[in-house]
$ cat model_24.pdb   # PDB, C-alpha atoms
ATOM      1  CA  LEU A   1      14.045 -12.429  -2.201
ATOM      2  CA  GLY A   2      17.654 -11.360  -2.662
ATOM      3  CA  VAL A   3      17.975  -9.934   0.885
ATOM      4  CA  GLU A   4      20.927 -10.992   3.000
ATOM      5  CA  ARG A   5      20.086 -12.218   6.481
ATOM      6  CA  LYS A   6      22.272  -9.584   8.148
ATOM      7  CA  GLU A   7      20.313  -6.845   6.333
ATOM      8  CA  LEU A   8      16.855  -8.186   7.184
ATOM      9  CA  ALA A   9      16.323  -6.056  10.304
ATOM     10  CA  ALA A  10      17.212  -2.875   8.436
ATOM     11  CA  ARG A  11      14.891  -3.773   5.548
ATOM     12  CA  VAL A  12      11.986  -4.351   7.949
ATOM     13  CA  LEU A  13      12.619  -1.046   9.716
ATOM     14  CA  GLY A  14      12.881   0.681   6.346
ATOM     15  CA  ASP A  15       9.507  -0.703   5.239
ATOM     16  CA  CYS A  16       7.958   0.419   8.530
ATOM     17  CA  LEU A  17       9.429   3.905   8.177
ATOM     18  CA  ARG A  18       8.111   4.291   4.649
ATOM     19  CA  GLY A  19       4.645   3.722   6.042
ATOM     20  CA  LYS A  20       3.013   0.563   4.721
ATOM     21  CA  ALA A  21       1.964  -2.062   7.228
ATOM     22  CA  ALA A  22       1.791  -5.391   5.409
ATOM     23  CA  HIS A  23      -1.001  -6.737   7.612
ATOM     24  CA  THR A  24      -3.427  -3.853   6.962
ATOM     25  CA  GLY A  25      -2.281  -1.968   3.882
ATOM     26  CA  THR A  26      -2.526   1.342   5.771
ATOM     27  CA  PRO A  27       0.289   3.560   7.127
ATOM     28  CA  HIS A  28       1.785   2.976  10.548
ATOM     29  CA  CYS A  29       1.157   5.828  12.995
ATOM     30  CA  PRO A  30       3.819   8.595  13.018
ATOM     31  CA  GLU A  31       5.137   7.625  16.470
ATOM     32  CA  ILE A  32       5.985   4.088  15.310
ATOM     33  CA  ARG A  33       7.656   5.302  12.136
ATOM     34  CA  ALA A  34       9.678   7.907  14.040
ATOM     35  CA  GLU A  35      10.975   5.118  16.285
ATOM     36  CA  ALA A  36      11.768   3.039  13.182
ATOM     37  CA  ALA A  37      14.021   5.881  11.994
ATOM     38  CA  LYS A  38      15.895   5.839  15.301
ATOM     39  CA  GLY A  39      16.160   2.061  15.050
ATOM     40  CA  LEU A  40      17.772   2.352  11.620
ATOM     41  CA  ALA A  41      20.344   4.790  12.994
ATOM     42  CA  GLN A  42      21.182   2.431  15.866
ATOM     43  CA  TRP A  43      21.407  -0.522  13.467
ATOM     44  CA  MET A  44      23.784   1.498  11.330
ATOM     45  CA  ILE A  45      25.997   2.342  14.334
ATOM     46  CA  ASN A  46      26.016  -1.297  15.476
ATOM     47  CA  ARG A  47      27.158  -2.351  12.011
ATOM     48  CA  ASN A  48      30.520  -0.805  12.855
ATOM     49  CA  VAL A  49      31.486   0.547   9.433
ATOM     50  CA  PRO A  50      35.301   0.970   9.435
ATOM     51  CA  ALA A  51      35.551   4.659   8.445
ATOM     52  CA  ARG A  52      33.433   7.673   7.455
ATOM     53  CA  ASP A  53      34.616   7.441   3.856
ATOM     54  CA  SER A  54      33.990   3.686   3.454
ATOM     55  CA  VAL A  55      32.326   2.725   0.179
ATOM     56  CA  GLY A  56      30.731  -0.412  -1.237
ATOM     57  CA  ARG A  57      27.369  -2.026  -1.858
ATOM     58  CA  GLY A  58      25.172  -1.864   1.232
ATOM     59  CA  VAL A  59      27.903  -0.441   3.478
ATOM     60  CA  TRP A  60      25.644   2.427   4.570
ATOM     61  CA  LEU A  61      22.343   0.598   4.044
ATOM     62  CA  GLY A  62      20.582   2.099   7.077
ATOM     63  CA  LEU A  63      21.561   5.609   6.034
ATOM     64  CA  GLU A  64      20.458   4.956   2.456
ATOM     65  CA  LEU A  65      17.013   3.845   3.653
ATOM     66  CA  LEU A  66      16.626   7.007   5.742
ATOM     67  CA  LEU A  67      17.530   9.215   2.780
ATOM     68  CA  LYS A  68      15.215   7.225   0.506
ATOM     69  CA  TYR A  69      12.289   7.916   2.826
ATOM     70  CA  TYR A  70      13.085  11.634   2.873
ATOM     71  CA  GLU A  71      13.164  11.834  -0.910
ATOM     72  CA  GLU A  72       9.853   9.974  -1.189
ATOM     73  CA  ARG A  73       8.125  12.392   1.191
ATOM     74  CA  GLY A  74       8.685  15.639  -0.657
ATOM     75  CA  GLY A  75      12.458  15.860  -0.396
ATOM     76  CA  PHE A  76      13.776  19.304   0.477
ATOM     77  CA  SER A  77      10.555  21.254  -0.028
ATOM     78  CA  GLU A  78      10.084  24.104   2.437
ATOM     79  CA  VAL A  79       6.355  23.348   2.502
ATOM     80  CA  VAL A  80       4.805  20.908   4.981
ATOM     81  CA  HIS A  81       1.346  19.525   4.281
ATOM     82  CA  GLY A  82       0.444  19.703   7.938
ATOM     83  CA  VAL A  83      -3.324  19.282   7.552
ATOM     84  CA  ARG A  84      -5.095  16.584   5.543
ATOM     85  CA  GLY A  85      -8.766  15.993   4.883
ATOM     86  CA  CYS A  86     -10.277  12.600   5.710
ATOM     87  CA  VAL A  87     -13.433  10.917   4.504
ATOM     88  CA  ARG A  88     -15.428   7.766   5.242
ATOM     89  CA  LYS A  89     -18.862   6.363   4.495
ATOM     90  CA  ARG A  90     -21.578   7.793   6.691
ATOM     91  CA  ARG A  91     -23.227   5.402   9.176
ATOM     92  CA  ASP A  92     -26.976   5.139   8.544
ATOM     93  CA  GLY A  93     -29.293   6.254  11.291
ATOM     94  CA  GLY A  94     -26.435   6.944  13.686
ATOM     95  CA  GLU A  95     -26.290   3.251  14.584
ATOM     96  CA  LYS A  96     -22.977   1.554  15.152
ATOM     97  CA  LYS A  97     -21.754  -0.205  12.034
ATOM     98  CA  ARG A  98     -21.689  -4.005  12.203
ATOM     99  CA  VAL A  99     -18.053  -5.095  12.315
ATOM    100  CA  LYS A 100     -16.815  -7.780   9.988
ATOM    101  CA  LYS A 101     -14.528 -10.598  11.090
ATOM    102  CA  VAL A 102     -11.486  -9.027   9.419
ATOM    103  CA  GLY A 103     -10.264  -6.667  12.119
ATOM    104  CA  ASP A 104     -12.385  -5.082  14.818
ATOM    105  CA  ALA A 105     -12.790  -1.528  13.587
ATOM    106  CA  GLU A 106     -15.511   0.595  12.071
ATOM    107  CA  GLU A 107     -15.388   1.953   8.524
ATOM    108  CA  ALA A 108     -11.869   3.351   8.224
ATOM    109  CA  TRP A 109     -11.121   6.993   7.516
ATOM    110  CA  VAL A 110      -9.102   7.493   4.318
ATOM    111  CA  TYR A 111      -7.269  10.558   3.069
ATOM    112  CA  LEU A 112      -9.393  12.818   0.922
ATOM    113  CA  ASP A 113      -6.555  13.711  -1.441
ATOM    114  CA  GLU A 114      -6.167  10.020  -2.331
ATOM    115  CA  GLN A 115      -9.737   9.790  -3.638
ATOM    116  CA  SER A 116     -10.858  10.782  -7.121
ATOM    117  CA  GLN A 117     -12.877  13.960  -7.615
ATOM    118  CA  ASP A 118     -15.663  11.972  -9.276
ATOM    119  CA  PHE A 119     -15.973   9.697  -6.236
ATOM    120  CA  VAL A 120     -16.269  12.639  -3.835
ATOM    121  CA  ARG A 121     -18.698  14.573  -6.018
ATOM    122  CA  LYS A 122     -21.021  11.611  -6.645
ATOM    123  CA  ASN A 123     -21.034  10.338  -3.040
ATOM    124  CA  SER A 124     -20.808  13.577  -1.067
ATOM    125  CA  GLN A 125     -24.221  13.033   0.571
ATOM    126  CA  SER A 126     -23.220   9.598   1.916
ATOM    127  CA  LEU A 127     -19.771  10.586   3.213
ATOM    128  CA  GLU A 128     -18.445  12.046   6.472
ATOM    129  CA  PHE A 129     -15.658  14.624   6.290
ATOM    130  CA  LYS A 130     -13.085  15.821   8.819
ATOM    131  CA  TRP A 131      -9.646  17.439   9.025
ATOM    132  CA  GLU A 132      -6.726  15.995  10.961
ATOM    133  CA  VAL A 133      -3.161  17.078  11.616
ATOM    134  CA  ASP A 134      -0.780  15.166   9.365
ATOM    135  CA  GLU A 135       2.186  14.471  11.633
ATOM    136  CA  GLU A 136       4.473  13.401   8.804
ATOM    137  CA  TYR A 137       6.724  16.358   9.648
ATOM    138  CA  LYS A 138       7.446  14.697  13.021
ATOM    139  CA  VAL A 139       8.682  11.598  11.219
ATOM    140  CA  LYS A 140      10.851  13.740   8.931
ATOM    141  CA  SER A 141      12.341  15.469  11.974
ATOM    142  CA  SER A 142      13.198  12.080  13.497
ATOM    143  CA  VAL A 143      14.827  11.024  10.216
ATOM    144  CA  ILE A 144      16.995  14.172  10.126
ATOM    145  CA  THR A 145      18.179  13.626  13.700
ATOM    146  CA  SER A 146      18.796   9.930  13.023
ATOM    147  CA  VAL A 147      20.952  10.734   9.989
ATOM    148  CA  ALA A 148      23.043  13.129  12.101
ATOM    149  CA  CYS A 149      23.566  10.463  14.796
ATOM    150  CA  ILE A 150      25.048   7.834  12.477
ATOM    151  CA  ARG A 151      28.741   7.116  13.080
ATOM    152  CA  ALA A 152      31.475   4.972  11.630
ATOM    153  CA  ARG A 153      33.719   2.866  13.871
ATOM    154  CA  ASP A 154      36.075   5.834  14.217
ATOM    155  CA  GLY A 155      33.231   7.884  15.740
ATOM    156  CA  GLN A 156      32.882  10.216  12.772
ATOM    157  CA  THR A 157      29.892  11.262  10.673
ATOM    158  CA  PRO A 158      29.918  10.041   7.033
ATOM    159  CA  GLN A 159      30.353  12.817   4.491
ATOM    160  CA  PHE A 160      27.139  12.252   2.554
ATOM    161  CA  ALA A 161      25.171  12.443   5.831
ATOM    162  CA  MET A 162      26.662  15.900   6.334
ATOM    163  CA  ASP A 163      25.832  16.837   2.735
ATOM    164  CA  PHE A 164      22.233  15.821   3.404
ATOM    165  CA  LEU A 165      22.022  17.962   6.567
ATOM    166  CA  LEU A 166      23.411  20.989   4.745
ATOM    167  CA  LYS A 167      20.796  20.590   1.990
ATOM    168  CA  VAL A 168      18.051  20.402   4.628
ATOM    169  CA  LEU A 169      19.185  23.641   6.258
ATOM    170  CA  LYS A 170      19.684  25.518   2.982
ATOM    171  CA  SER A 171      16.255  24.466   1.704
ATOM    172  CA  ARG A 172      14.522  25.811   4.841
ATOM    173  CA  ALA A 173      12.735  22.448   4.856
ATOM    174  CA  GLY A 174       9.334  22.373   6.508
ATOM    175  CA  GLU A 175       9.114  26.013   7.535
ATOM    176  CA  ARG A 176       5.742  26.726   5.919
ATOM    177  CA  CYS A 177       2.445  24.894   6.152
ATOM    178  CA  ALA A 178       0.762  24.443   2.776
ATOM    179  CA  ALA A 179      -2.836  25.542   2.294
ATOM    180  CA  PRO A 180      -5.000  22.387   2.140
ATOM    181  CA  LYS A 181      -6.775  21.546  -1.108
ATOM    182  CA  VAL A 182     -10.232  20.030  -1.375
ATOM    183  CA  PRO A 183     -11.991  18.490  -4.393
ATOM    184  CA  PRO A 184     -15.484  19.561  -5.547
ATOM    185  CA  GLY A 185     -18.357  18.092  -3.564
ATOM    186  CA  CYS A 186     -17.088  18.785  -0.048
ATOM    187  CA  PRO A 187     -19.445  20.464   2.467
ATOM    188  CA  ASN A 188     -19.709  24.248   2.628
ATOM    189  CA  GLY A 189     -17.109  25.729   4.959
ATOM    190  CA  PHE A 190     -14.961  22.582   4.945
ATOM    191  CA  LYS A 191     -12.022  24.225   3.160
ATOM    192  CA  GLU A 192     -12.171  27.282   5.438
ATOM    193  CA  MET A 193     -11.932  24.992   8.460
ATOM    194  CA  GLY A 194      -8.795  23.364   7.000
ATOM    195  CA  ASP A 195      -7.268  26.766   6.232
ATOM    196  CA  ARG A 196      -7.695  27.824   9.856
ATOM    197  CA  MET A 197      -6.054  24.647  11.129
ATOM    198  CA  ALA A 198      -3.098  25.126   8.768
ATOM    199  CA  GLN A 199      -2.610  28.736   9.868
ATOM    200  CA  GLU A 200      -2.644  27.742  13.533
ATOM    201  CA  MET A 201       0.047  25.072  13.125
ATOM    202  CA  ASP A 202       3.313  25.937  14.866
ATOM    203  CA  LEU A 203       6.254  24.460  12.948
ATOM    204  CA  SER A 204       8.930  26.322  14.937
ATOM    205  CA  MET A 205       9.855  23.195  16.907
ATOM    206  CA  PHE A 206      10.344  21.235  13.684
ATOM    207  CA  THR A 207      12.670  23.950  12.361
ATOM    208  CA  ALA A 208      14.580  24.136  15.653
ATOM    209  CA  GLU A 209      15.119  20.367  15.715
ATOM    210  CA  ASN A 210      16.556  20.476  12.203
ATOM    211  CA  TYR A 211      19.259  22.867  13.407
ATOM    212  CA  LEU A 212      19.737  21.032  16.697
ATOM    213  CA  ALA A 213      20.526  17.846  14.748
ATOM    214  CA  CYS A 214      23.799  19.450  13.627
ATOM    215  CA  CYS A 215      25.071  19.165  17.217
ATOM    216  CA  TYR A 216      25.423  15.391  16.703
ATOM    217  CA  VAL A 217      27.875  15.774  13.811
ATOM    218  CA  ASN A 218      31.495  14.826  14.473
ATOM    219  CA  VAL A 219      34.543  15.064  12.201
ATOM    220  CA  ASN A 220      38.100  15.021  13.558
ATOM    221  CA  LYS A 221      40.351  17.820  12.409
ATOM    222  CA  THR A 222      43.180  15.332  11.800
ATOM    223  CA  GLU A 223      41.112  13.728   9.008
ATOM    224  CA  VAL A 224      40.999  16.968   6.973
ATOM    225  CA  LEU A 225      43.711  17.435   4.344
ATOM    226  CA  PRO A 226      46.056  20.432   4.810
ATOM    227  CA  GLY A 227      44.619  23.532   3.184
ATOM    228  CA  ALA A 228      41.199  21.918   2.666
ATOM    229  CA  ARG A 229      37.999  23.428   3.987
ATOM    230  CA  HIS A 230      36.743  21.680   7.118
ATOM    231  CA  PRO A 231      33.543  19.703   6.344
ATOM    232  CA  VAL A 232      31.703  21.169   9.332
ATOM    233  CA  LEU A 233      32.179  24.810   8.293
ATOM    234  CA  GLY A 234      29.228  24.779   5.902
ATOM    235  CA  LEU A 235      26.864  23.664   8.665
ATOM    236  CA  MET A 236      28.311  26.191  11.105
ATOM    237  CA  GLU A 237      27.891  29.062   8.650
ATOM    238  CA  GLU A 238      24.302  28.095   7.853
ATOM    239  CA  CYS A 239      23.377  27.835  11.539
ATOM    240  CA  HIS A 240      25.105  31.128  12.350
ATOM    241  CA  GLY A 241      23.282  32.888   9.527
ATOM    242  CA  ARG A 242      19.931  31.589  10.782
ATOM    243  CA  LEU A 243      20.720  32.693  14.333
ATOM    244  CA  GLU A 244      21.508  36.227  13.144
ATOM    245  CA  LEU A 245      18.276  36.323  11.164
ATOM    246  CA  GLU A 246      16.190  35.211  14.151
ATOM    247  CA  LEU A 247      17.839  37.813  16.404
ATOM    248  CA  PHE A 248      17.156  40.496  13.789
ATOM    249  CA  LEU A 249      13.490  39.506  13.497
ATOM    250  CA  GLN A 250      13.053  39.690  17.258
TER     251      GLN A 250
END
$ encode --input "model_24.pdb" --output "structure tokens"
Amino acid sequence: LGVERKELAARVLGDCLRGKAAHTGTPHCPEIRAEAAKGLAQWMINRNVPARDSVGRGVWLGLELLLKYYEERGGFSEVVHGVRGCVRKRRDGGEKKRVKKVGDAEEAWVYLDEQSQDFVRKNSQSLEFKWEVDEEYKVKSSVITSVACIRARDGQTPQFAMDFLLKVLKSRAGERCAAPKVPPGCPNGFKEMGDRMAQEMDLSMFTAENYLACCYVNVNKTEVLPGARHPVLGLMEECHGRLELELFLQ
């Protein structure tokens, strides 16, 4: 498969983080994927990369997998899709559905936005609908903290991890909850219910954790060239500006 044995653990954690469980074809729950992000950070630290500016193929593999996940899940958008519609086939007569030998679960709920409009419109009478909180933002928060915790052997944060954190802060990532969209054929009042859930979501903790992650960054002053701008200053200025804004709004 072209994967080195020493990289196998990181590849498995990366696949788990990105959300596809090979044995079911459905995403792992957010709690498992958040722990996978922390596992990648620990794997990266244990790899003992010589210095923060080390380069080469696969040197920062764990960090690269964390950043790859973040780009795949909307990147630096300030909008979080915190509420998602779900749909499944309605059980006839209220009786419990007979379970097949493959797994021991009832008809699985699937995300509404992954189904075609024609499917929903034609089968609306035989489908059940519900809204659920999409906790993907919790996984993204774990990824941001994990990136900030990565260290080289000299105890310092790699530069492109710091560049990533600065982009996250400047983009105001995840500070707004997007209004949910529904295709034609959904029950009356279903969209309004989703709108209310989205408005009630409190993303302040997610925003706070993004800024708190900067506390894990470490760069020694002795590593900065004379006359050069210290790498941490950008993060400090962004955090200070946000603090002043929050104090003003209060």
$ residues_around --input "model_24.pdb" --residues "A:Asp154" --least-positions-apart "5" --cutoff "10 Å" --atoms "only C-alpha atoms" --output "PyMOL selection string"
chain A and resi 48-52+219-220
$ residues_around --input "model_24.pdb" --residues "A:Leu127" --least-positions-apart "3" --cutoff "8 Å" --atoms "all atoms listed in the file" --output "count of residues only"
6
$ resolve_selection --input "model_24.pdb" --expression "the PyMOL selection byres ((chain A and resi 65-68) around 9)" --output "ChimeraX atom specification"
/A:10-11,13-15,17-18,37,40-41,60-64,69-73,75,143-144,146-147,161,164
$ residues_around --input "model_24.pdb" --residues "stretch 208-215 of chain A" --least-positions-apart "5" --cutoff "9 Å" --atoms "all atoms listed in the file" --output "PyMOL selection string"
chain A and resi 141-142+144-149+162+165+168-169+173+203+235-236+239
$ residues_around --input "model_24.pdb" --residues "A:Ser171" --least-positions-apart "4" --cutoff "8 Å" --atoms "only C-alpha atoms" --output "list in words"
Phe76, Ser77, Glu78 and Lys167 of chain A
$ write_last_selection --input "model_24.pdb" --atoms "C-alpha atoms" --output "CSV table (one decimal), in the coordinates of the input"
chain,number,residue,atom,x,y,z
A,76,PHE,CA,13.8,19.3,0.5
A,77,SER,CA,10.6,21.3,0.0
A,78,GLU,CA,10.1,24.1,2.4
A,167,LYS,CA,20.8,20.6,2.0
$ atom_distance --input "model_24.pdb" --atom1 "atom CA of A:Ile45" --atom2 "atom CA of A:Leu166"
21.1 Å
$ residues_around --input "model_24.pdb" --residues "A:Ala198" --least-positions-apart "4" --cutoff "9 Å" --atoms "only C-alpha atoms" --output "CSV table (one decimal) with C-alpha atoms, keeping the file's coordinate frame"
chain,number,residue,atom,x,y,z
A,81,HIS,CA,1.3,19.5,4.3
A,82,GLY,CA,0.4,19.7,7.9
A,83,VAL,CA,-3.3,19.3,7.6
A,133,VAL,CA,-3.2,17.1,11.6
A,177,CYS,CA,2.4,24.9,6.2
A,178,ALA,CA,0.8,24.4,2.8
A,179,ALA,CA,-2.8,25.5,2.3
A,180,PRO,CA,-5.0,22.4,2.1
A,193,MET,CA,-11.9,25.0,8.5
A,194,GLY,CA,-8.8,23.4,7.0
A,202,ASP,CA,3.3,25.9,14.9
$ atom_distance --input "model_24.pdb" --atom1 "atom CA of A:Trp131" --atom2 "atom CA of A:Phe190"
8.4 Å
$ atom_distance --input "model_24.pdb" --atom1 "atom CA of A:Gln115" --atom2 "atom CA of A:Glu35"
29.1 Å
